[in-house]
Amino acid sequence: DIKETLAGKTVLITAGPTYEAIDPVRFIGNHSSGKMGFSLAEEAAKRGAKVILISGPSALNIENENITLIRVTSSKEMFTKVFEFYETVDIAIASAAVADYAPKEIAAQKIKKSDNSMFLELVKNPDILKTMGEKKSHQFLVGFALETNNEEENAKEKLTKKNLDAIVLNSLQDEGAGFKKDTNQIKIITKSEILDFTLKSKKAVAKDILDFVESKILK
Ligand code: PMT
């Protein structure tokens, strides 16, 4: 019997990778499966929240009357969708692995194989989470940090720079954490605390994250 602790709340969740087109058949992407974000969406919905799940390309599907699933491809599309909803949400959690750069131009035709090397110019994508931080008013804003080294330091820097209430750190140094796997190992970092969690299923990690958010916003 689940208590609907988030009834009346709206939660925005970003999930999955983004694909940045190079030409009609190729893209720059990453290994995110969407599992972490979809687990968060499912758990928030179970708790009675209205969930807006904005996901990059993922093989996962979810059918739940509390969840509106919006599928996008590129980081620019994700950006646009996020800010269609951001003002109206109570909680936003950014678990998507958004590409930091995209090809400057998308070739109209499939790029032909010719020289032994080729040069692809990339330009920086807008930072969705940083923009959410800049526009933050009543929202409780949670980011993720995927790190390979200097983990806590880098995560704390993102917490401050992006004006977040909390950041969920996962490290590729930890076996069982990160992309594709069914498990994750996280730390939740705020300005004043670091909560350390053990390795567990992404579904259980989603519970820990939402328990934490509830402990901050429900009085
Ligand atoms: O999908 P899975 O296979 O289950 O894997 C889950 C995960 C490893 C992708 C997830 O747990 C995770 O760590 N997500 C964040 C990955 C990431 O891109 O981290 P980052 O440290 O590069 O980015 C920091 C934060 O800024 C993230 O919240 C990211 O969503 C956000 N960001 C980054 C760049 C950008 N242009 N816009 C953003 O919003």
# chains A, B, ... in the order shown; residues from 1 in each chain; ligands from 1
>>> select_by_dssp(residues="stretch 10-203 of chain A", states="alpha helix (DSSP H)", output="PDB file with N, CA and C atoms, in the first residue's frame")
ATOM      1  N   LYS A  35      17.264   4.153 -18.344  1.00  0.00           N
ATOM      2  CA  LYS A  35      16.769   3.399 -17.167  1.00  0.00           C
ATOM      3  C   LYS A  35      16.651   4.250 -15.906  1.00  0.00           C
ATOM      4  N   MET A  36      17.655   5.086 -15.649  1.00  0.00           N
ATOM      5  CA  MET A  36      17.630   5.895 -14.423  1.00  0.00           C
ATOM      6  C   MET A  36      16.436   6.857 -14.435  1.00  0.00           C
ATOM      7  N   GLY A  37      16.260   7.551 -15.561  1.00  0.00           N
ATOM      8  CA  GLY A  37      15.169   8.524 -15.649  1.00  0.00           C
ATOM      9  C   GLY A  37      13.787   7.871 -15.638  1.00  0.00           C
ATOM     10  N   PHE A  38      13.649   6.754 -16.324  1.00  0.00           N
ATOM     11  CA  PHE A  38      12.349   6.070 -16.348  1.00  0.00           C
ATOM     12  C   PHE A  38      12.014   5.518 -14.956  1.00  0.00           C
ATOM     13  N   SER A  39      13.044   5.049 -14.224  1.00  0.00           N
ATOM     14  CA  SER A  39      12.803   4.563 -12.853  1.00  0.00           C
ATOM     15  C   SER A  39      12.313   5.700 -11.963  1.00  0.00           C
ATOM     16  N   LEU A  40      12.901   6.879 -12.141  1.00  0.00           N
ATOM     17  CA  LEU A  40      12.469   8.052 -11.363  1.00  0.00           C
ATOM     18  C   LEU A  40      11.028   8.415 -11.699  1.00  0.00           C
ATOM     19  N   ALA A  41      10.695   8.356 -12.992  1.00  0.00           N
ATOM     20  CA  ALA A  41       9.339   8.703 -13.422  1.00  0.00           C
ATOM     21  C   ALA A  41       8.326   7.735 -12.822  1.00  0.00           C
ATOM     22  N   GLU A  42       8.650   6.456 -12.879  1.00  0.00           N
ATOM     23  CA  GLU A  42       7.737   5.438 -12.362  1.00  0.00           C
ATOM     24  C   GLU A  42       7.519   5.606 -10.858  1.00  0.00           C
ATOM     25  N   GLU A  43       8.598   5.864 -10.137  1.00  0.00           N
ATOM     26  CA  GLU A  43       8.497   6.013  -8.683  1.00  0.00           C
ATOM     27  C   GLU A  43       7.706   7.275  -8.306  1.00  0.00           C
ATOM     28  N   ALA A  44       7.961   8.361  -9.026  1.00  0.00           N
ATOM     29  CA  ALA A  44       7.226   9.603  -8.730  1.00  0.00           C
ATOM     30  C   ALA A  44       5.741   9.414  -9.021  1.00  0.00           C
ATOM     31  N   ALA A  45       5.430   8.706 -10.106  1.00  0.00           N
ATOM     32  CA  ALA A  45       4.026   8.452 -10.458  1.00  0.00           C
ATOM     33  C   ALA A  45       3.346   7.594  -9.396  1.00  0.00           C
ATOM     34  N   LYS A  46       4.075   6.583  -8.897  1.00  0.00           N
ATOM     35  CA  LYS A  46       3.545   5.723  -7.828  1.00  0.00           C
ATOM     36  C   LYS A  46       3.173   6.537  -6.602  1.00  0.00           C
ATOM     37  N   SER A  75      19.529  17.597 -28.271  1.00  0.00           N
ATOM     38  CA  SER A  75      19.515  18.409 -27.051  1.00  0.00           C
ATOM     39  C   SER A  75      18.686  19.686 -27.258  1.00  0.00           C
ATOM     40  N   LYS A  76      18.685  20.213 -28.477  1.00  0.00           N
ATOM     41  CA  LYS A  76      17.899  21.426 -28.725  1.00  0.00           C
ATOM     42  C   LYS A  76      16.410  21.144 -28.594  1.00  0.00           C
ATOM     43  N   GLU A  77      15.981  19.970 -29.076  1.00  0.00           N
ATOM     44  CA  GLU A  77      14.566  19.590 -28.906  1.00  0.00           C
ATOM     45  C   GLU A  77      14.243  19.384 -27.427  1.00  0.00           C
ATOM     46  N   MET A  78      15.189  18.765 -26.703  1.00  0.00           N
ATOM     47  CA  MET A  78      14.961  18.553 -25.269  1.00  0.00           C
ATOM     48  C   MET A  78      14.831  19.898 -24.565  1.00  0.00           C
ATOM     49  N   PHE A  79      15.691  20.821 -24.917  1.00  0.00           N
ATOM     50  CA  PHE A  79      15.664  22.168 -24.336  1.00  0.00           C
ATOM     51  C   PHE A  79      14.274  22.803 -24.535  1.00  0.00           C
ATOM     52  N   THR A  80      13.795  22.778 -25.779  1.00  0.00           N
ATOM     53  CA  THR A  80      12.502  23.396 -26.093  1.00  0.00           C
ATOM     54  C   THR A  80      11.375  22.772 -25.278  1.00  0.00           C
ATOM     55  N   LYS A  81      11.354  21.438 -25.215  1.00  0.00           N
ATOM     56  CA  LYS A  81      10.279  20.745 -24.489  1.00  0.00           C
ATOM     57  C   LYS A  81      10.346  21.054 -22.994  1.00  0.00           C
ATOM     58  N   VAL A  82      11.560  21.030 -22.437  1.00  0.00           N
ATOM     59  CA  VAL A  82      11.704  21.289 -20.997  1.00  0.00           C
ATOM     60  C   VAL A  82      11.091  22.639 -20.644  1.00  0.00           C
ATOM     61  N   PHE A  83      11.375  23.657 -21.472  1.00  0.00           N
ATOM     62  CA  PHE A  83      10.905  24.992 -21.098  1.00  0.00           C
ATOM     63  C   PHE A  83       9.455  25.260 -21.505  1.00  0.00           C
ATOM     64  N   GLU A  84       8.814  24.301 -22.159  1.00  0.00           N
ATOM     65  CA  GLU A  84       7.359  24.380 -22.320  1.00  0.00           C
ATOM     66  C   GLU A  84       6.674  24.084 -20.982  1.00  0.00           C
ATOM     67  N   PHE A  85       7.356  23.325 -20.116  1.00  0.00           N
ATOM     68  CA  PHE A  85       6.716  22.861 -18.877  1.00  0.00           C
ATOM     69  C   PHE A  85       7.334  23.418 -17.600  1.00  0.00           C
ATOM     70  N   ILE A 128      20.817  22.773 -20.632  1.00  0.00           N
ATOM     71  CA  ILE A 128      19.411  22.769 -20.216  1.00  0.00           C
ATOM     72  C   ILE A 128      19.304  22.981 -18.704  1.00  0.00           C
ATOM     73  N   LEU A 129      20.104  22.208 -17.970  1.00  0.00           N
ATOM     74  CA  LEU A 129      20.025  22.271 -16.507  1.00  0.00           C
ATOM     75  C   LEU A 129      20.477  23.636 -15.974  1.00  0.00           C
ATOM     76  N   LYS A 130      21.519  24.179 -16.577  1.00  0.00           N
ATOM     77  CA  LYS A 130      22.011  25.490 -16.135  1.00  0.00           C
ATOM     78  C   LYS A 130      20.926  26.553 -16.367  1.00  0.00           C
ATOM     79  N   THR A 131      20.246  26.443 -17.487  1.00  0.00           N
ATOM     80  CA  THR A 131      19.165  27.387 -17.780  1.00  0.00           C
ATOM     81  C   THR A 131      18.007  27.203 -16.793  1.00  0.00           C
ATOM     82  N   MET A 132      17.718  25.956 -16.422  1.00  0.00           N
ATOM     83  CA  MET A 132      16.691  25.711 -15.399  1.00  0.00           C
ATOM     84  C   MET A 132      17.091  26.398 -14.095  1.00  0.00           C
ATOM     85  N   GLY A 133      18.390  26.315 -13.762  1.00  0.00           N
ATOM     86  CA  GLY A 133      18.891  26.960 -12.554  1.00  0.00           C
ATOM     87  C   GLY A 133      18.726  28.475 -12.610  1.00  0.00           C
ATOM     88  N   GLU A 134      18.982  29.041 -13.784  1.00  0.00           N
ATOM     89  CA  GLU A 134      18.854  30.498 -13.945  1.00  0.00           C
ATOM     90  C   GLU A 134      17.404  30.958 -13.819  1.00  0.00           C
ATOM     91  N   GLU A 151      35.563  13.350  -8.488  1.00  0.00           N
ATOM     92  CA  GLU A 151      34.110  13.286  -8.559  1.00  0.00           C
ATOM     93  C   GLU A 151      33.384  14.323  -7.705  1.00  0.00           C
ATOM     94  N   GLU A 152      33.710  14.318  -6.386  1.00  0.00           N
ATOM     95  CA  GLU A 152      32.947  15.205  -5.488  1.00  0.00           C
ATOM     96  C   GLU A 152      33.183  16.677  -5.816  1.00  0.00           C
ATOM     97  N   GLU A 153      34.428  16.974  -6.139  1.00  0.00           N
ATOM     98  CA  GLU A 153      34.775  18.353  -6.466  1.00  0.00           C
ATOM     99  C   GLU A 153      34.012  18.825  -7.716  1.00  0.00           C
ATOM    100  N   ASN A 154      34.017  17.995  -8.757  1.00  0.00           N
ATOM    101  CA  ASN A 154      33.311  18.359  -9.993  1.00  0.00           C
ATOM    102  C   ASN A 154      31.806  18.485  -9.755  1.00  0.00           C
ATOM    103  N   ALA A 155      31.268  17.568  -8.963  1.00  0.00           N
ATOM    104  CA  ALA A 155      29.823  17.593  -8.702  1.00  0.00           C
ATOM    105  C   ALA A 155      29.450  18.861  -7.938  1.00  0.00           C
ATOM    106  N   LYS A 156      30.281  19.216  -6.938  1.00  0.00           N
ATOM    107  CA  LYS A 156      29.995  20.427  -6.152  1.00  0.00           C
ATOM    108  C   LYS A 156      30.056  21.675  -7.028  1.00  0.00           C
ATOM    109  N   GLU A 157      30.977  21.651  -7.972  1.00  0.00           N
ATOM    110  CA  GLU A 157      31.096  22.787  -8.890  1.00  0.00           C
ATOM    111  C   GLU A 157      29.823  22.922  -9.734  1.00  0.00           C
ATOM    112  N   LYS A 158      29.301  21.785 -10.201  1.00  0.00           N
ATOM    113  CA  LYS A 158      28.059  21.807 -10.986  1.00  0.00           C
ATOM    114  C   LYS A 158      26.874  22.264 -10.136  1.00  0.00           C
ATOM    115  N   LEU A 159      26.860  21.829  -8.869  1.00  0.00           N
ATOM    116  CA  LEU A 159      25.794  22.233  -7.938  1.00  0.00           C
ATOM    117  C   LEU A 159      25.718  23.754  -7.849  1.00  0.00           C
ATOM    118  N   THR A 160      26.884  24.382  -7.700  1.00  0.00           N
ATOM    119  CA  THR A 160      26.933  25.836  -7.550  1.00  0.00           C
ATOM    120  C   THR A 160      26.687  26.554  -8.872  1.00  0.00           C
ATOM    121  N   LYS A 161      27.441  26.148  -9.903  1.00  0.00           N
ATOM    122  CA  LYS A 161      27.362  26.824 -11.202  1.00  0.00           C
ATOM    123  C   LYS A 161      25.971  26.779 -11.800  1.00  0.00           C
ATOM    124  N   LYS A 202      18.406   0.576  -9.930  1.00  0.00           N
ATOM    125  CA  LYS A 202      18.010   1.949 -10.256  1.00  0.00           C
ATOM    126  C   LYS A 202      16.621   2.261  -9.717  1.00  0.00           C
ATOM    127  N   LYS A 203      15.762   1.262  -9.609  1.00  0.00           N
ATOM    128  CA  LYS A 203      14.441   1.482  -9.017  1.00  0.00           C
ATOM    129  C   LYS A 203      14.572   1.890  -7.544  1.00  0.00           C
TER     130      LYS A 203
END
>>> residues_near_ligand(ligand="ligand 1", cutoff="6 Å", atoms="only C-alpha atoms and all ligand atoms", output="tab-separated table (two decimals) with N, CA and C atoms, in the first residue's frame")
chain	number	residue	atom	x	y	z
A	16	GLY	N	17.59	9.63	-20.62
A	16	GLY	CA	18.17	9.10	-21.86
A	16	GLY	C	19.28	9.95	-22.43
A	32	SER	N	23.64	6.28	-22.69
A	32	SER	CA	22.51	6.29	-21.76
A	32	SER	C	21.34	5.48	-22.32
A	33	SER	N	20.77	4.64	-21.45
A	33	SER	CA	19.64	3.79	-21.85
A	33	SER	C	18.29	4.40	-21.49
A	34	GLY	N	18.31	5.34	-20.56
A	34	GLY	CA	17.06	5.90	-20.05
A	34	GLY	C	16.57	5.24	-18.76
A	35	LYS	N	17.26	4.15	-18.34
A	35	LYS	CA	16.77	3.40	-17.17
A	35	LYS	C	16.65	4.25	-15.91
A	36	MET	N	17.66	5.09	-15.65
A	36	MET	CA	17.63	5.90	-14.42
A	36	MET	C	16.44	6.86	-14.44
A	94	ALA	N	17.08	16.26	-13.56
A	94	ALA	CA	17.73	16.14	-14.87
A	94	ALA	C	18.66	14.93	-14.88
A	95	SER	N	18.15	13.80	-15.34
A	95	SER	CA	18.99	12.60	-15.40
A	95	SER	C	19.46	12.30	-16.82
A	96	ALA	N	19.06	13.12	-17.77
A	96	ALA	CA	19.48	12.88	-19.16
A	96	ALA	C	20.97	13.09	-19.33
A	97	ALA	N	21.55	12.32	-20.24
A	97	ALA	CA	22.94	12.52	-20.64
A	97	ALA	C	22.90	13.35	-21.92
A	98	VAL	N	22.91	14.66	-21.72
A	98	VAL	CA	22.76	15.59	-22.84
A	98	VAL	C	24.13	15.82	-23.51
A	99	ALA	N	24.16	15.78	-24.82
A	99	ALA	CA	25.43	16.03	-25.53
A	99	ALA	C	25.87	17.47	-25.28
A	100	ASP	N	27.13	17.65	-24.94
A	100	ASP	CA	27.65	19.00	-24.70
A	100	ASP	C	27.89	19.75	-26.00
A	125	ASN	N	26.31	23.01	-27.14
A	125	ASN	CA	24.85	23.01	-27.00
A	125	ASN	C	24.44	23.89	-25.82
A	126	PRO	N	23.23	24.39	-25.83
A	126	PRO	CA	22.76	25.10	-24.63
A	126	PRO	C	22.71	24.12	-23.46
A	127	ASP	N	23.04	24.59	-22.27
A	127	ASP	CA	22.98	23.74	-21.08
A	127	ASP	C	21.57	23.85	-20.50
A	128	ILE	N	20.82	22.77	-20.63
A	128	ILE	CA	19.41	22.77	-20.22
A	128	ILE	C	19.30	22.98	-18.70
A	129	LEU	N	20.10	22.21	-17.97
A	129	LEU	CA	20.02	22.27	-16.51
A	129	LEU	C	20.48	23.64	-15.97
A	143	GLY	N	20.05	18.01	-10.17
A	143	GLY	CA	20.82	17.62	-11.34
A	143	GLY	C	21.54	16.30	-11.08
A	144	PHE	N	22.12	15.78	-12.12
A	144	PHE	CA	22.99	14.60	-12.01
A	144	PHE	C	24.39	15.03	-12.41
A	145	ALA	N	25.37	14.29	-11.92
A	145	ALA	CA	26.75	14.48	-12.39
A	145	ALA	C	27.32	13.10	-12.66
A	146	LEU	N	27.75	12.90	-13.87
A	146	LEU	CA	28.40	11.65	-14.23
A	146	LEU	C	29.89	11.95	-14.34
A	170	ASN	N	27.03	10.12	-9.75
A	170	ASN	CA	27.40	8.71	-10.01
A	170	ASN	C	28.73	8.71	-10.72
A	178	GLY	N	26.25	3.87	-13.37
A	178	GLY	CA	26.31	4.59	-14.64
A	178	GLY	C	25.41	4.04	-15.73
A	179	PHE	N	25.91	4.11	-16.96
A	179	PHE	CA	25.13	3.80	-18.16
A	179	PHE	C	24.62	2.36	-18.22
A	180	LYS	N	23.43	2.21	-18.74
A	180	LYS	CA	22.85	0.92	-19.18
A	180	LYS	C	22.54	-0.09	-18.07
>>> select_by_dssp(residues="stretch 52-92 of chain A", states="strand (DSSP E)", output="list of chain:residue names")
A:Ile52, A:Leu53, A:Ile54, A:Ser55, A:Ile67, A:Thr68, A:Leu69, A:Ile70, A:Arg71, A:Ile91, A:Ala92
>>> write_last_selection(atoms="N, CA and C atoms", output="PDB file, in the first residue's frame")
ATOM      1  N   ILE A  52       6.069  14.558 -16.011  1.00  0.00           N
ATOM      2  CA  ILE A  52       6.381  14.863 -17.404  1.00  0.00           C
ATOM      3  C   ILE A  52       7.773  14.311 -17.645  1.00  0.00           C
ATOM      4  N   LEU A  53       7.836  13.243 -18.437  1.00  0.00           N
ATOM      5  CA  LEU A  53       9.096  12.554 -18.699  1.00  0.00           C
ATOM      6  C   LEU A  53       9.551  12.905 -20.108  1.00  0.00           C
ATOM      7  N   ILE A  54      10.653  13.635 -20.197  1.00  0.00           N
ATOM      8  CA  ILE A  54      11.162  14.048 -21.505  1.00  0.00           C
ATOM      9  C   ILE A  54      12.420  13.235 -21.772  1.00  0.00           C
ATOM     10  N   SER A  55      12.322  12.345 -22.752  1.00  0.00           N
ATOM     11  CA  SER A  55      13.408  11.400 -22.971  1.00  0.00           C
ATOM     12  C   SER A  55      13.990  11.487 -24.369  1.00  0.00           C
ATOM     13  N   ILE A  67       1.893   9.575 -16.083  1.00  0.00           N
ATOM     14  CA  ILE A  67       3.118   9.963 -16.796  1.00  0.00           C
ATOM     15  C   ILE A  67       2.826  10.393 -18.228  1.00  0.00           C
ATOM     16  N   THR A  68       3.270  11.591 -18.570  1.00  0.00           N
ATOM     17  CA  THR A  68       3.250  12.027 -19.967  1.00  0.00           C
ATOM     18  C   THR A  68       4.666  11.851 -20.495  1.00  0.00           C
ATOM     19  N   LEU A  69       4.831  10.922 -21.442  1.00  0.00           N
ATOM     20  CA  LEU A  69       6.151  10.660 -22.011  1.00  0.00           C
ATOM     21  C   LEU A  69       6.307  11.449 -23.303  1.00  0.00           C
ATOM     22  N   ILE A  70       7.318  12.289 -23.340  1.00  0.00           N
ATOM     23  CA  ILE A  70       7.594  13.084 -24.531  1.00  0.00           C
ATOM     24  C   ILE A  70       8.958  12.653 -25.065  1.00  0.00           C
ATOM     25  N   ARG A  71       8.963  12.162 -26.288  1.00  0.00           N
ATOM     26  CA  ARG A  71      10.231  11.692 -26.862  1.00  0.00           C
ATOM     27  C   ARG A  71      10.852  12.776 -27.735  1.00  0.00           C
ATOM     28  N   ILE A  91       8.967  20.075  -9.018  1.00  0.00           N
ATOM     29  CA  ILE A  91      10.256  19.399  -8.870  1.00  0.00           C
ATOM     30  C   ILE A  91      10.790  19.114 -10.276  1.00  0.00           C
ATOM     31  N   ALA A  92      12.075  19.344 -10.498  1.00  0.00           N
ATOM     32  CA  ALA A  92      12.676  18.970 -11.781  1.00  0.00           C
ATOM     33  C   ALA A  92      13.937  18.167 -11.510  1.00  0.00           C
TER      34      ALA A  92
END
>>> decode(residues="stretch 162-210 of chain A", atoms="C-alpha atoms", output="PDB file, in the first residue's frame")
ATOM      1  CA  LYS A 162      23.953  25.485 -12.197  1.00  0.00           C
ATOM      2  CA  ASN A 163      22.154  26.861  -9.102  1.00  0.00           C
ATOM      3  CA  LEU A 164      20.812  23.455  -8.022  1.00  0.00           C
ATOM      4  CA  ASP A 165      19.217  22.397  -4.763  1.00  0.00           C
ATOM      5  CA  ALA A 166      20.966  19.038  -4.974  1.00  0.00           C
ATOM      6  CA  ILE A 167      23.105  16.979  -7.302  1.00  0.00           C
ATOM      7  CA  VAL A 168      23.179  13.202  -7.668  1.00  0.00           C
ATOM      8  CA  LEU A 169      26.710  12.003  -8.272  1.00  0.00           C
ATOM      9  CA  ASN A 170      27.398   8.711 -10.008  1.00  0.00           C
ATOM     10  CA  SER A 171      30.906   7.683 -10.894  1.00  0.00           C
ATOM     11  CA  LEU A 172      32.131   5.446 -13.679  1.00  0.00           C
ATOM     12  CA  GLN A 173      34.846   4.360 -11.208  1.00  0.00           C
ATOM     13  CA  ASP A 174      32.197   2.442  -9.294  1.00  0.00           C
ATOM     14  CA  GLU A 175      31.415  -0.934 -10.727  1.00  0.00           C
ATOM     15  CA  GLY A 176      27.673  -1.296 -11.245  1.00  0.00           C
ATOM     16  CA  ALA A 177      27.145   2.449 -11.631  1.00  0.00           C
ATOM     17  CA  GLY A 178      26.314   4.585 -14.642  1.00  0.00           C
ATOM     18  CA  PHE A 179      25.133   3.803 -18.157  1.00  0.00           C
ATOM     19  CA  LYS A 180      22.852   0.920 -19.182  1.00  0.00           C
ATOM     20  CA  LYS A 181      23.212  -1.147 -16.016  1.00  0.00           C
ATOM     21  CA  ASP A 182      20.204  -1.980 -13.849  1.00  0.00           C
ATOM     22  CA  THR A 183      22.084  -0.730 -10.790  1.00  0.00           C
ATOM     23  CA  ASN A 184      23.604   2.530  -9.680  1.00  0.00           C
ATOM     24  CA  GLN A 185      25.636   3.882  -6.787  1.00  0.00           C
ATOM     25  CA  ILE A 186      25.060   7.493  -5.875  1.00  0.00           C
ATOM     26  CA  LYS A 187      25.907  10.308  -3.533  1.00  0.00           C
ATOM     27  CA  ILE A 188      23.426  13.136  -3.059  1.00  0.00           C
ATOM     28  CA  ILE A 189      25.243  16.404  -2.542  1.00  0.00           C
ATOM     29  CA  THR A 190      23.829  19.709  -1.323  1.00  0.00           C
ATOM     30  CA  LYS A 191      25.573  22.858  -0.131  1.00  0.00           C
ATOM     31  CA  SER A 192      25.702  21.484   3.393  1.00  0.00           C
ATOM     32  CA  GLU A 193      25.674  17.685   3.185  1.00  0.00           C
ATOM     33  CA  ILE A 194      26.825  14.584   1.350  1.00  0.00           C
ATOM     34  CA  LEU A 195      24.634  11.492   1.580  1.00  0.00           C
ATOM     35  CA  ASP A 196      26.340   8.275   0.596  1.00  0.00           C
ATOM     36  CA  PHE A 197      24.263   5.352  -0.716  1.00  0.00           C
ATOM     37  CA  THR A 198      25.181   1.745  -1.424  1.00  0.00           C
ATOM     38  CA  LEU A 199      25.014   0.016  -4.802  1.00  0.00           C
ATOM     39  CA  LYS A 200      21.405  -0.930  -5.557  1.00  0.00           C
ATOM     40  CA  SER A 201      18.886  -1.244  -8.378  1.00  0.00           C
ATOM     41  CA  LYS A 202      18.010   1.949 -10.256  1.00  0.00           C
ATOM     42  CA  LYS A 203      14.441   1.482  -9.017  1.00  0.00           C
ATOM     43  CA  ALA A 204      15.717   1.558  -5.415  1.00  0.00           C
ATOM     44  CA  VAL A 205      17.982   4.524  -6.238  1.00  0.00           C
ATOM     45  CA  ALA A 206      14.912   6.350  -7.568  1.00  0.00           C
ATOM     46  CA  LYS A 207      13.210   5.767  -4.198  1.00  0.00           C
ATOM     47  CA  ASP A 208      16.210   7.172  -2.322  1.00  0.00           C
ATOM     48  CA  ILE A 209      16.275  10.278  -4.521  1.00  0.00           C
ATOM     49  CA  LEU A 210      12.549  10.927  -4.113  1.00  0.00           C
TER      50      LEU A 210
END
